[in-house]
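A.B. asks: The structure file protein_18.cif (mmCIF, C-alpha atoms) is provided below.
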```cif
data_target
#
loop_
_atom_site.label_atom_id
_atom_site.label_comp_id
_atom_site.auth_asym_id
_atom_site.auth_seq_id
_atom_site.Cartn_x
_atom_site.Cartn_y
_atom_site.Cartn_z
CA MET A 1 31.78 -20.18 0.10
CA LYS A 2 31.83 -20.22 3.86
CA LEU A 3 32.13 -16.45 3.88
CA ILE A 4 29.08 -16.04 1.68
CA ARG A 5 27.04 -18.33 3.88
CA LEU A 6 28.06 -16.46 7.01
CA ARG A 7 27.14 -13.17 5.49
CA TYR A 8 23.84 -14.51 4.31
CA LYS A 9 23.23 -15.72 7.81
CA LYS A 10 23.80 -12.38 9.43
CA TRP A 11 21.63 -10.59 6.88
CA PHE A 12 18.91 -13.10 7.32
CA ASN A 13 19.08 -12.98 11.12
CA VAL A 14 18.96 -9.22 11.19
CA LEU A 15 15.96 -9.24 8.91
CA ARG A 16 14.10 -11.90 10.85
CA ASP A 17 14.79 -10.31 14.23
CA GLY A 18 13.31 -7.02 13.11
CA PHE A 19 10.08 -8.80 12.21
CA LYS A 20 9.65 -11.33 14.94
CA SER A 21 11.76 -11.64 18.04
CA ASN A 22 12.70 -7.96 18.03
CA ASN A 23 9.53 -6.48 16.57
CA PRO A 24 9.54 -2.82 17.65
CA VAL A 25 5.87 -2.65 18.56
CA PHE A 26 5.01 -6.02 20.06
CA VAL A 27 8.17 -6.95 21.86
CA ALA A 28 9.95 -3.70 22.60
CA VAL A 29 6.69 -1.63 22.77
CA LEU A 30 8.22 1.36 21.00
CA GLY A 31 6.72 3.84 18.59
CA ILE A 32 3.27 3.51 20.09
CA CYS A 33 2.11 7.09 19.66
CA SER A 34 1.89 7.06 15.91
CA SER A 35 0.91 3.41 15.70
CA LEU A 36 -2.26 4.17 17.65
CA ALA A 37 -3.07 7.65 16.52
CA ILE A 38 -3.04 7.14 12.77
CA THR A 39 -4.19 3.54 12.33
CA ASN A 40 -7.86 4.32 11.88
CA THR A 41 -7.47 3.93 8.10
CA VAL A 42 -5.26 1.52 6.16
CA ALA A 43 -3.97 4.19 3.77
CA ASN A 44 -2.62 6.25 6.66
CA ALA A 45 -0.98 3.19 8.18
CA ILE A 46 0.81 2.35 4.94
CA ALA A 47 1.99 5.94 4.45
CA MET A 48 3.27 6.14 8.01
CA GLY A 49 4.96 2.74 7.79
CA LEU A 50 6.77 3.63 4.58
CA GLY A 51 7.78 7.01 5.97
CA VAL A 52 9.25 5.47 9.10
CA THR A 53 11.02 2.77 7.07
CA PHE A 54 12.63 5.41 4.87
CA VAL A 55 13.74 7.50 7.84
CA VAL A 56 15.07 4.53 9.84
CA MET A 57 17.06 3.14 6.91
CA LEU A 58 18.69 6.38 5.85
CA SER A 59 19.32 7.78 9.31
CA SER A 60 20.84 4.48 10.49
CA ALA A 61 23.07 4.43 7.43
CA THR A 62 24.14 8.04 8.01
CA VAL A 63 24.84 7.44 11.69
CA SER A 64 26.84 4.37 10.75
CA LEU A 65 28.87 6.32 8.18
CA LEU A 66 29.65 9.04 10.68
CA ARG A 67 30.03 6.77 13.68
CA SER A 68 33.75 7.36 14.11
CA PHE A 69 33.37 11.15 13.89
CA ILE A 70 30.50 11.74 16.31
CA PRO A 71 31.75 12.51 19.83
CA SER A 72 29.76 10.39 22.25
CA LYS A 73 28.80 13.40 24.40
CA VAL A 74 26.81 15.13 21.72
CA ARG A 75 25.65 12.02 19.87
CA MET A 76 21.96 12.40 20.78
CA VAL A 77 21.77 15.89 19.32
CA THR A 78 23.61 14.73 16.21
CA TYR A 79 21.16 11.86 15.72
CA MET A 80 18.28 14.30 16.17
CA VAL A 81 19.61 16.57 13.43
CA ILE A 82 20.16 13.65 11.05
CA ILE A 83 16.73 12.17 11.75
CA SER A 84 14.89 15.46 11.42
CA THR A 85 16.54 16.14 8.07
CA TYR A 86 15.10 12.92 6.63
CA THR A 87 11.76 13.52 8.33
CA ILE A 88 11.49 16.91 6.67
CA ALA A 89 12.12 15.16 3.34
CA VAL A 90 9.24 12.75 4.04
CA GLN A 91 7.00 15.61 5.09
CA MET A 92 7.69 17.61 1.94
CA PHE A 93 7.21 14.54 -0.27
CA LEU A 94 3.81 13.77 1.25
CA GLN A 95 2.78 17.41 1.08
CA ALA A 96 3.62 17.56 -2.62
CA TYR A 97 2.30 14.20 -3.88
CA PHE A 98 -0.27 13.00 -1.32
CA PRO A 99 -1.88 16.12 0.18
CA ASP A 100 -4.91 14.15 1.47
CA ILE A 101 -2.79 11.74 3.48
CA TYR A 102 -0.60 14.62 4.62
CA SER A 103 -3.53 16.49 6.10
CA ALA A 104 -4.90 13.30 7.69
CA LEU A 105 -1.59 12.52 9.37
CA GLY A 106 -1.10 16.14 10.42
CA ALA A 107 1.46 16.67 13.14
CA TYR A 108 2.23 12.94 13.32
CA VAL A 109 4.50 13.09 10.26
CA GLY A 110 6.80 15.46 12.10
CA LEU A 111 6.67 13.18 15.11
CA ILE A 112 8.64 10.52 13.20
CA ILE A 113 11.61 12.43 14.68
CA THR A 114 10.65 11.43 18.19
CA ASN A 115 9.57 7.91 17.21
CA CYS A 116 11.69 5.85 19.59
CA ILE A 117 12.24 3.18 16.91
CA VAL A 118 14.40 5.49 14.82
CA MET A 119 16.47 6.68 17.76
CA GLY A 120 16.60 3.16 19.19
CA ARG A 121 18.02 1.62 16.01
CA ALA A 122 20.61 4.40 15.73
CA GLU A 123 21.69 3.94 19.33
CA ALA A 124 21.47 0.15 19.56
CA PHE A 125 22.56 -0.99 16.11
CA ALA A 126 23.92 1.69 13.77
CA VAL A 127 26.78 2.90 15.99
CA LYS A 128 28.26 -0.59 16.11
CA ASN A 129 27.70 -1.93 12.59
CA PRO A 130 28.82 -1.19 9.02
CA VAL A 131 26.50 0.59 6.61
CA ARG A 132 25.22 -2.41 4.65
CA TYR A 133 23.84 -4.11 7.75
CA THR A 134 22.24 -0.93 9.04
CA LEU A 135 20.25 -0.66 5.82
CA ILE A 136 18.92 -4.21 6.28
CA ASP A 137 18.25 -3.62 9.96
CA GLY A 138 16.45 -0.36 9.24
CA PHE A 139 14.37 -2.06 6.58
CA ALA A 140 13.46 -4.93 8.92
CA SER A 141 12.50 -2.64 11.80
CA GLY A 142 10.53 -0.37 9.52
CA MET A 143 8.69 -3.25 7.89
CA GLY A 144 8.04 -4.94 11.25
CA TYR A 145 6.52 -1.66 12.37
CA MET A 146 4.45 -1.25 9.22
CA PHE A 147 3.19 -4.84 9.50
CA VAL A 148 1.71 -4.04 12.92
CA LEU A 149 0.29 -0.70 11.75
CA VAL A 150 -1.47 -2.34 8.80
CA LEU A 151 -2.76 -5.21 10.95
CA VAL A 152 -4.28 -2.82 13.50
CA SER A 153 -5.73 -0.57 10.81
CA ILE A 154 -7.30 -3.50 8.93
CA ILE A 155 -9.37 -4.17 12.05
CA ARG A 156 -10.08 -0.56 12.89
CA GLU A 157 -11.06 0.83 9.50
CA PRO A 158 -14.02 -1.49 8.75
CA LEU A 159 -15.35 -1.12 12.29
CA ALA A 160 -14.90 2.64 12.42
CA PHE A 161 -15.99 3.68 8.93
CA GLY A 162 -17.30 0.48 7.29
CA THR A 163 -14.64 0.74 4.59
CA LEU A 164 -11.32 -0.86 3.70
CA LEU A 165 -8.82 1.29 1.79
CA GLY A 166 -11.78 3.51 0.93
CA TYR A 167 -14.05 0.74 -0.44
CA GLN A 168 -17.27 -0.16 1.33
CA VAL A 169 -16.91 -3.62 2.91
CA MET A 170 -19.54 -3.61 5.62
CA PRO A 171 -23.18 -4.38 4.68
CA GLU A 172 -25.75 -1.62 4.17
CA GLY A 173 -27.12 -0.21 7.37
CA PHE A 174 -23.95 -0.83 9.36
CA THR A 175 -23.63 1.76 12.10
CA PRO A 176 -20.02 2.99 12.31
CA TRP A 177 -18.44 2.23 15.66
CA VAL A 178 -17.14 5.69 16.50
CA THR A 179 -14.98 4.57 19.41
CA MET A 180 -12.80 2.61 16.99
CA ALA A 181 -11.92 5.77 15.07
CA ILE A 182 -10.63 7.60 18.14
CA ALA A 183 -8.04 6.88 20.80
CA PRO A 184 -9.71 4.19 22.97
CA GLY A 185 -10.24 1.86 19.99
CA GLY A 186 -6.54 1.96 19.24
CA PHE A 187 -5.60 1.22 22.83
CA PHE A 188 -7.95 -1.76 23.12
CA ILE A 189 -7.01 -3.33 19.78
CA LEU A 190 -3.27 -3.03 20.39
CA GLY A 191 -3.59 -4.32 23.96
CA VAL A 192 -5.46 -7.42 22.81
CA PHE A 193 -3.00 -7.87 19.93
CA ILE A 194 -0.02 -7.84 22.25
CA TRP A 195 -1.79 -10.31 24.50
CA ILE A 196 -2.49 -12.75 21.64
CA LEU A 197 0.99 -12.44 20.16
CA ARG A 198 2.73 -12.95 23.46
CA ASP A 199 0.69 -16.05 24.17
CA TRP A 200 1.50 -17.32 20.69
CA ALA A 201 5.24 -16.53 20.83
CA LYS A 202 5.43 -17.50 24.53
CA THR A 203 7.31 -14.33 25.43
CA TYR A 204 6.03 -13.23 28.81
CA GLU A 205 7.33 -10.63 31.23
CA MET B 1 -7.87 31.25 28.82
CA ILE B 2 -9.31 29.08 31.61
CA ASP B 3 -11.25 27.21 28.93
CA LEU B 4 -8.08 26.50 26.99
CA LEU B 5 -6.30 25.32 30.13
CA LEU B 6 -9.12 23.00 31.21
CA ASP B 7 -9.54 21.75 27.68
CA SER B 8 -5.88 20.82 27.36
CA VAL B 9 -5.79 19.14 30.79
CA LEU B 10 -9.07 17.21 30.58
CA SER B 11 -11.15 16.97 27.45
CA SER B 12 -8.24 17.14 24.99
CA ASN B 13 -5.74 15.42 27.23
CA ILE B 14 -2.58 15.10 25.18
CA ALA B 15 -1.77 11.57 26.35
CA LEU B 16 -5.23 10.05 26.33
CA THR B 17 -6.93 11.65 23.35
CA PHE B 18 -3.99 12.50 21.09
CA ILE B 19 -1.99 9.42 22.13
CA LEU B 20 1.30 11.24 22.56
CA GLY B 21 4.25 10.50 24.80
CA MET B 22 3.35 6.83 25.07
CA CYS B 23 6.86 5.34 25.17
CA PRO B 24 7.91 7.08 28.42
CA LEU B 25 4.39 6.77 29.81
CA ILE B 26 4.46 3.00 29.47
CA ALA B 27 8.10 2.60 30.48
CA ILE B 28 8.09 4.77 33.60
CA SER B 29 4.59 4.17 34.99
CA THR B 30 5.55 1.17 37.13
CA ASN B 31 5.49 3.22 40.32
CA VAL B 32 3.92 6.51 41.35
CA LYS B 33 7.11 8.16 42.61
CA ASN B 34 8.97 7.86 39.31
CA ALA B 35 5.84 8.76 37.38
CA LYS B 36 5.51 12.00 39.35
CA GLY B 37 9.15 12.88 38.77
CA MET B 38 8.89 12.33 35.06
CA GLY B 39 5.59 14.18 34.86
CA ILE B 40 6.87 17.27 36.63
CA ALA B 41 9.97 17.34 34.44
CA VAL B 42 7.73 17.16 31.36
CA VAL B 43 5.52 20.06 32.55
CA LEU B 44 8.64 22.18 33.00
CA VAL B 45 10.26 21.34 29.67
CA VAL B 46 7.05 21.53 27.60
CA THR B 47 6.18 25.00 28.90
CA LEU B 48 9.71 26.31 28.53
CA THR B 49 10.31 24.98 25.01
CA ALA B 50 6.95 26.19 23.73
CA MET B 51 7.79 29.66 25.02
CA ILE B 52 11.16 29.56 23.24
CA ASN B 53 9.86 27.99 20.04
CA TRP B 54 7.07 30.54 19.58
CA PRO B 55 9.38 33.51 18.82
CA ILE B 56 11.59 31.23 16.72
CA PHE B 57 8.61 30.25 14.60
CA GLN B 58 7.64 33.91 14.12
CA LEU B 59 11.19 34.56 12.93
CA LEU B 60 11.05 31.63 10.51
CA LYS B 61 7.70 32.85 9.21
CA ALA B 62 9.04 36.35 8.68
CA THR B 63 12.04 35.06 6.73
CA ASN B 64 9.89 32.52 4.84
CA THR B 65 11.91 29.46 5.85
CA GLU B 66 9.18 27.41 7.48
CA GLN B 67 10.49 24.18 5.95
CA VAL B 68 13.24 23.92 8.55
CA MET B 69 10.71 24.39 11.35
CA LEU B 70 11.05 20.82 12.63
CA LEU B 71 14.82 20.98 12.64
CA ALA B 72 14.80 24.29 14.50
CA PHE B 73 12.29 23.00 17.06
CA ILE B 74 14.14 19.81 17.83
CA ILE B 75 17.43 21.63 18.26
CA THR B 76 15.77 24.09 20.66
CA ILE B 77 14.31 21.20 22.62
CA ALA B 78 17.56 19.27 22.83
CA ALA B 79 19.48 22.42 23.79
CA THR B 80 16.93 23.47 26.43
CA VAL B 81 17.00 20.06 28.02
CA GLN B 82 20.78 20.02 28.05
CA ILE B 83 21.06 23.53 29.55
CA LEU B 84 18.39 22.76 32.13
CA GLU B 85 20.29 19.66 33.14
CA ILE B 86 23.59 21.54 33.55
CA LEU B 87 21.97 24.42 35.47
CA MET B 88 20.08 22.08 37.73
CA GLU B 89 23.15 20.04 38.51
CA LYS B 90 25.10 23.19 39.39
CA PHE B 91 22.55 25.21 41.35
CA LEU B 92 19.86 22.83 42.54
CA PRO B 93 21.66 19.55 43.26
CA GLN B 94 18.81 18.24 45.42
CA LEU B 95 16.26 18.74 42.68
CA TYR B 96 18.72 17.30 40.19
CA ASN B 97 19.03 14.12 42.19
CA ALA B 98 15.27 13.76 42.18
CA PHE B 99 14.45 14.69 38.56
CA GLY B 100 17.83 14.70 36.80
CA ILE B 101 17.64 11.20 35.40
CA TYR B 102 14.37 11.95 33.62
CA LEU B 103 15.61 15.03 31.81
CA PRO B 104 17.60 13.45 28.95
CA LEU B 105 14.65 11.17 28.20
CA ILE B 106 12.40 14.13 27.56
CA THR B 107 14.13 15.06 24.30
CA VAL B 108 12.51 12.04 22.69
CA ASN B 109 9.14 12.53 24.39
CA CYS B 110 6.83 13.37 21.52
CA VAL B 111 4.61 15.57 23.71
CA VAL B 112 7.26 18.30 23.62
CA LEU B 113 7.60 18.40 19.84
CA ALA B 114 3.87 17.90 19.31
CA VAL B 115 2.93 20.89 21.48
CA SER B 116 5.27 23.05 19.41
CA GLN B 117 3.67 21.79 16.20
CA PHE B 118 0.15 22.26 17.52
CA PHE B 119 0.61 25.94 18.25
CA VAL B 120 1.79 26.38 14.67
CA ASN B 121 -1.20 24.48 13.23
CA ARG B 122 -3.70 26.29 15.45
CA ASP B 123 -2.16 29.74 15.09
CA TYR B 124 -2.01 30.49 18.83
CA SER B 125 -0.77 33.78 20.28
CA PHE B 126 2.11 33.75 22.76
CA VAL B 127 -0.11 33.74 25.86
CA GLU B 128 -2.34 31.04 24.39
CA THR B 129 0.73 28.97 23.51
CA THR B 130 2.07 29.19 27.05
CA THR B 131 -1.29 28.26 28.57
CA PHE B 132 -1.79 25.40 26.15
CA ALA B 133 1.73 24.06 26.75
CA PHE B 134 1.36 24.23 30.51
CA GLY B 135 -2.05 22.56 30.34
CA SER B 136 -0.77 19.80 28.08
CA GLY B 137 2.11 19.13 30.44
CA LEU B 138 -0.29 18.95 33.39
CA GLY B 139 -2.56 16.63 31.44
CA TRP B 140 0.33 14.30 30.71
CA LEU B 141 1.35 14.37 34.38
CA LEU B 142 -2.22 13.48 35.35
CA ALA B 143 -2.30 10.59 32.88
CA ILE B 144 1.02 9.06 33.91
CA VAL B 145 0.21 9.32 37.64
CA LEU B 146 -3.23 7.73 37.09
CA VAL B 147 -1.74 4.85 35.10
CA ALA B 148 1.07 4.37 37.62
CA SER B 149 -1.28 4.21 40.60
CA LEU B 150 -3.49 1.68 38.81
CA ARG B 151 -0.47 -0.42 37.91
CA GLU B 152 0.78 -0.36 41.50
CA LYS B 153 -2.55 -1.68 42.71
CA LEU B 154 -2.65 -4.29 39.96
CA ALA B 155 0.81 -5.52 40.87
CA LEU B 156 -0.40 -6.01 44.45
CA TYR B 157 -3.81 -7.59 43.95
CA GLY B 158 -4.16 -8.36 40.25
CA ASP B 159 -4.31 -11.94 39.02
CA LEU B 160 -3.87 -11.56 35.30
CA PRO B 161 -3.45 -14.09 32.48
CA LYS B 162 0.25 -14.49 31.67
CA GLY B 163 0.13 -12.80 28.28
CA LEU B 164 -1.59 -9.72 29.67
CA ARG B 165 1.03 -9.04 32.33
CA GLY B 166 3.39 -6.15 31.82
CA LYS B 167 2.72 -4.05 28.75
CA ALA B 168 -0.53 -5.46 27.37
CA ILE B 169 -2.64 -4.60 30.42
CA VAL B 170 -1.32 -1.02 30.30
CA PHE B 171 -3.02 -0.58 26.94
CA LEU B 172 -6.33 -1.80 28.32
CA ILE B 173 -5.99 0.58 31.30
CA LEU B 174 -5.16 3.41 28.91
CA GLY B 175 -8.14 2.54 26.74
CA ILE B 176 -10.57 2.75 29.67
CA LEU B 177 -9.01 5.98 30.96
CA SER B 178 -9.15 7.40 27.48
CA LEU B 179 -12.88 6.64 27.20
CA ALA B 180 -13.38 8.41 30.52
CA PHE B 181 -11.47 11.50 29.43
CA ILE B 182 -13.33 11.70 26.14
CA GLY B 183 -16.43 11.79 28.31
CA PHE B 184 -15.27 15.20 29.53
CA ARG B 185 -16.06 16.54 26.08
CA GLY B 186 -19.69 16.43 27.09
CA LEU B 187 -18.94 19.38 29.35
CA SER B 188 -18.03 21.34 26.19
CA PHE B 189 -15.49 23.85 27.38
#
```
Write out the structure in this file as structure tokens.

C.D. replies:
Amino acid sequence: MKLIRLRYKKWFNVLRDGFKSNNPVFVAVLGICSSLAITNTVANAIAMGLGVTFVVMLSSATVSLLRSFIPSKVRMVTYMVIISTYTIAVQMFLQAYFPDIYSALGAYVGLIITNCIVMGRAEAFAVKNPVRYTLIDGFASGMGYMFVLVLVSIIREPLAFGTLLGYQVMPEGFTPWVTMAIAPGGFFILGVFIWILRDWAKTYE
Amino acid sequence: MIDLLLDSVLSSNIALTFILGMCPLIAISTNVKNAKGMGIAVVLVVTLTAMINWPIFQLLKATNTEQVMLLAFIITIAATVQILEILMEKFLPQLYNAFGIYLPLITVNCVVLAVSQFFVNRDYSFVETTTFAFGSGLGWLLAIVLVASLREKLALYGDLPKGLRGKAIVFLILGILSLAFIGFRGLSF
């Protein structure tokens, strides 16, 4: 009984950390490139979030499986190869089933490889932990990331295009706020978000 | 050619309009000296890897195996960085002491991989690829040095609300800079 509770505790902690105290975007400020570049529509944000979750989970699990075989000198390159294999899978899946989203995301799908979250979880967590925890940790980091992406995109999409998930939400005669659709909008929204969240969680630097 | 160079440095600045290479940009822009070191290392690696990846992509296209493009590119990038590090340490120890610590970080800088993907998407020739890669590297260098100098000044004179200190203010700085750089599009290169 004690054993079960302990295990539950670790699972739960890992899951909660990925969302809150260790959230990749707000606290660690990782994976910013894609979280700003593609969050001008909610659909893109969801696709990117799921893609990253998939890649983080499977690459962490693979790294964890192979952790006793990978020589530490060449570990970065090995991680890169593992991560890019899964990224190519995501890319081909999107290309085949969601061509619209694929063309909207463009080069950013391939850039999941260099998303620091994936590499960071492999380096910080997967090399030290058994496979079952890496899956949970990958899921938590990926979902924590997706949560932020969706939050930012929910603000940006109505302001930039007057729509939400493709449906018109703004009143007739609303002039789209073009800045929100391009880079500066992303920077401002995320900056203010981090400010609010840090004040709320009382985590200052 | 000049148009392409100016466009990639200013009006389509890779950091400020495509939002690439943000992790190192935010992490290393606390002082100008480190920012410069990182920026110069990026210019070097971006140009070199784009020049190596271009013939590799032509080969992949000829043998109809474009699916493994990403894998091939990332291996080239990791290998180039590693070789550059070893060569630098052996033959240019002074330079290595100045820039060496930034080199391993570049493998995960998305600018490098993105430039290689952009030349594929835009169907550039070899000369165009080299120019574009060099320009993008310079643009990134410009962005990181600008942000670092602003942050240095802010650290000296700025009186910010607690929650804005550190990372959050960097995003606001980047947002304003990004608006300014998008303004360059009015020049229509």

A.B. asks: Pull out every residue that the PyMOL selection byres ((chain A) within 9 of (chain B)) matches in the shown coordinates and put them as number ranges by chain.

C.D. replies: A: 29-34, 36-37, 76-77, 80-81, 84-85, 87-88, 92, 106-108, 110-116, 119, 179, 182-200, 202-205

A.B. asks: I would like the residues chosen by the PyMOL selection byres ((chain B and resi 126) around 12) on the shown file; could you give them as a CSV table (one decimal) with C-alpha atoms, in the frame of the given file?

C.D. replies:
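What ended up in selection.csv:
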```csv
chain,number,residue,atom,x,y,z
B,1,MET,CA,-7.9,31.2,28.8
B,47,THR,CA,6.2,25.0,28.9
B,50,ALA,CA,7.0,26.2,23.7
B,51,MET,CA,7.8,29.7,25.0
B,52,ILE,CA,11.2,29.6,23.2
B,53,ASN,CA,9.9,28.0,20.0
B,54,TRP,CA,7.1,30.5,19.6
B,55,PRO,CA,9.4,33.5,18.8
B,56,ILE,CA,11.6,31.2,16.7
B,57,PHE,CA,8.6,30.2,14.6
B,58,GLN,CA,7.6,33.9,14.1
B,116,SER,CA,5.3,23.0,19.4
B,119,PHE,CA,0.6,25.9,18.2
B,120,VAL,CA,1.8,26.4,14.7
B,122,ARG,CA,-3.7,26.3,15.4
B,123,ASP,CA,-2.2,29.7,15.1
B,124,TYR,CA,-2.0,30.5,18.8
B,125,SER,CA,-0.8,33.8,20.3
B,127,VAL,CA,-0.1,33.7,25.9
B,128,GLU,CA,-2.3,31.0,24.4
B,129,THR,CA,0.7,29.0,23.5
B,130,THR,CA,2.1,29.2,27.0
B,131,THR,CA,-1.3,28.3,28.6
B,132,PHE,CA,-1.8,25.4,26.2
B,133,ALA,CA,1.7,24.1,26.8
```

A.B. asks: Would you translate the PyMOL selection byres ((chain B and resi 29) around 10) into the concrete set of residues it matches in this file, as a list in words?

C.D. replies: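 Those residues are Pro24, Leu25, Ile26, Ala27, Ile28, Thr30, Asn31, Val32, Lys33, Asn34, Ala35, Lys36, Met38, Ala143, Ile144, Val145, Leu146, Val147, Ala148, Ser149, Leu150, Arg151, Glu152 and Val170 of chain B.
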
A.B. asks: Interatomic distance between CA of Gly162 (chain A) and CA of Leu105 (chain A)?

C.D. replies: 19.9 Å

A.B. asks: Just checking: using all atoms listed in the file, which residue out of A:Ala201, A:Val56, A:Ile38, A:Leu151 ends up closest to Gly120 (chain A)?

C.D. replies: A:Val56

A.B. asks: How big is the axis-aligned box around all listed atoms of region 40-50 of chain A once 4 Å goes on each side, and where's its centre, in Å to one decimal, as JSON?

C.D. replies:
```
{"center_x": -0.5, "center_y": 3.9, "center_z": 7.8, "size_x": 22.6, "size_y": 12.7, "size_z": 16.1}
```

A.B. asks: Write out as number ranges by chain which residues come within 8 Å of Thr41 (chain A) when counting only C-alpha atoms, dropping same-chain ones fewer than 3 positions away.

C.D. replies: A: 38, 44-45, 153-154, 156-157, 164-165

A.B. asks: If you measure from CA of Thr62 (chain A) to CA of Ile82 (chain A), what distance in Å do you get, rounded to one decimal?

C.D. replies: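 The value is 7.5 Å.
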
A.B. asks: By how many Å are CA of Phe125 (chain A) and CA of Ser64 (chain A) apart?

C.D. replies: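 CA of Phe125 (chain A) sits 8.7 Å away from CA of Ser64 (chain A).
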
A.B. asks: Could you give me, as a PDB file with C-alpha atoms, in the frame of the given file, the residues within 7 Å of Ala126 (chain A), counting all atoms listed in the file and dropping anything in the same chain fewer than 6 positions from it?

C.D. replies:
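The result, stored in out_1.pdb:
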```
ATOM      1  CA  SER A  60      20.840   4.480  10.490  1.00  0.00           C
ATOM      2  CA  ALA A  61      23.070   4.430   7.430  1.00  0.00           C
ATOM      3  CA  VAL A  63      24.840   7.440  11.690  1.00  0.00           C
ATOM      4  CA  SER A  64      26.840   4.370  10.750  1.00  0.00           C
ATOM      5  CA  THR A 134      22.240  -0.930   9.040  1.00  0.00           C
TER       6      THR A 134
END
```

A.B. asks: Take region 75-89 of chain B, model N, CA and C atoms, and hand the result over as a PDB file, in the frame of the given file.

C.D. replies:
```
ATOM      1  N   ILE B  75      16.162  21.140  17.713  1.00  0.00           N
ATOM      2  CA  ILE B  75      17.430  21.630  18.260  1.00  0.00           C
ATOM      3  C   ILE B  75      17.165  22.456  19.521  1.00  0.00           C
ATOM      4  N   THR B  76      16.123  23.320  19.463  1.00  0.00           N
ATOM      5  CA  THR B  76      15.770  24.090  20.660  1.00  0.00           C
ATOM      6  C   THR B  76      15.481  23.155  21.824  1.00  0.00           C
ATOM      7  N   ILE B  77      14.701  22.102  21.539  1.00  0.00           N
ATOM      8  CA  ILE B  77      14.310  21.200  22.620  1.00  0.00           C
ATOM      9  C   ILE B  77      15.525  20.507  23.208  1.00  0.00           C
ATOM     10  N   ALA B  78      16.376  19.964  22.326  1.00  0.00           N
ATOM     11  CA  ALA B  78      17.560  19.270  22.830  1.00  0.00           C
ATOM     12  C   ALA B  78      18.445  20.213  23.621  1.00  0.00           C
ATOM     13  N   ALA B  79      18.618  21.451  23.106  1.00  0.00           N
ATOM     14  CA  ALA B  79      19.480  22.420  23.790  1.00  0.00           C
ATOM     15  C   ALA B  79      18.889  22.809  25.136  1.00  0.00           C
ATOM     16  N   THR B  80      17.569  23.078  25.167  1.00  0.00           N
ATOM     17  CA  THR B  80      16.930  23.470  26.430  1.00  0.00           C
ATOM     18  C   THR B  80      17.112  22.394  27.480  1.00  0.00           C
ATOM     19  N   VAL B  81      16.881  21.151  27.066  1.00  0.00           N
ATOM     20  CA  VAL B  81      17.000  20.060  28.020  1.00  0.00           C
ATOM     21  C   VAL B  81      18.424  19.968  28.567  1.00  0.00           C
ATOM     22  N   GLN B  82      19.382  20.106  27.632  1.00  0.00           N
ATOM     23  CA  GLN B  82      20.780  20.020  28.050  1.00  0.00           C
ATOM     24  C   GLN B  82      21.140  21.146  29.022  1.00  0.00           C
ATOM     25  N   ILE B  83      20.740  22.373  28.691  1.00  0.00           N
ATOM     26  CA  ILE B  83      21.060  23.530  29.550  1.00  0.00           C
ATOM     27  C   ILE B  83      20.385  23.372  30.902  1.00  0.00           C
ATOM     28  N   LEU B  84      19.132  22.953  30.876  1.00  0.00           N
ATOM     29  CA  LEU B  84      18.390  22.760  32.130  1.00  0.00           C
ATOM     30  C   LEU B  84      19.101  21.752  33.015  1.00  0.00           C
ATOM     31  N   GLU B  85      19.603  20.699  32.382  1.00  0.00           N
ATOM     32  CA  GLU B  85      20.290  19.660  33.140  1.00  0.00           C
ATOM     33  C   GLU B  85      21.550  20.216  33.797  1.00  0.00           C
ATOM     34  N   ILE B  86      22.331  20.985  33.016  1.00  0.00           N
ATOM     35  CA  ILE B  86      23.590  21.540  33.550  1.00  0.00           C
ATOM     36  C   ILE B  86      23.301  22.522  34.684  1.00  0.00           C
ATOM     37  N   LEU B  87      22.306  23.421  34.449  1.00  0.00           N
ATOM     38  CA  LEU B  87      21.970  24.420  35.470  1.00  0.00           C
ATOM     39  C   LEU B  87      21.486  23.761  36.747  1.00  0.00           C
ATOM     40  N   MET B  88      20.635  22.763  36.577  1.00  0.00           N
ATOM     41  CA  MET B  88      20.080  22.080  37.730  1.00  0.00           C
ATOM     42  C   MET B  88      21.171  21.392  38.548  1.00  0.00           C
ATOM     43  N   GLU B  89      22.081  20.756  37.834  1.00  0.00           N
ATOM     44  CA  GLU B  89      23.150  20.040  38.510  1.00  0.00           C
ATOM     45  C   GLU B  89      24.014  20.998  39.314  1.00  0.00           C
TER      46      GLU B  89
END
```
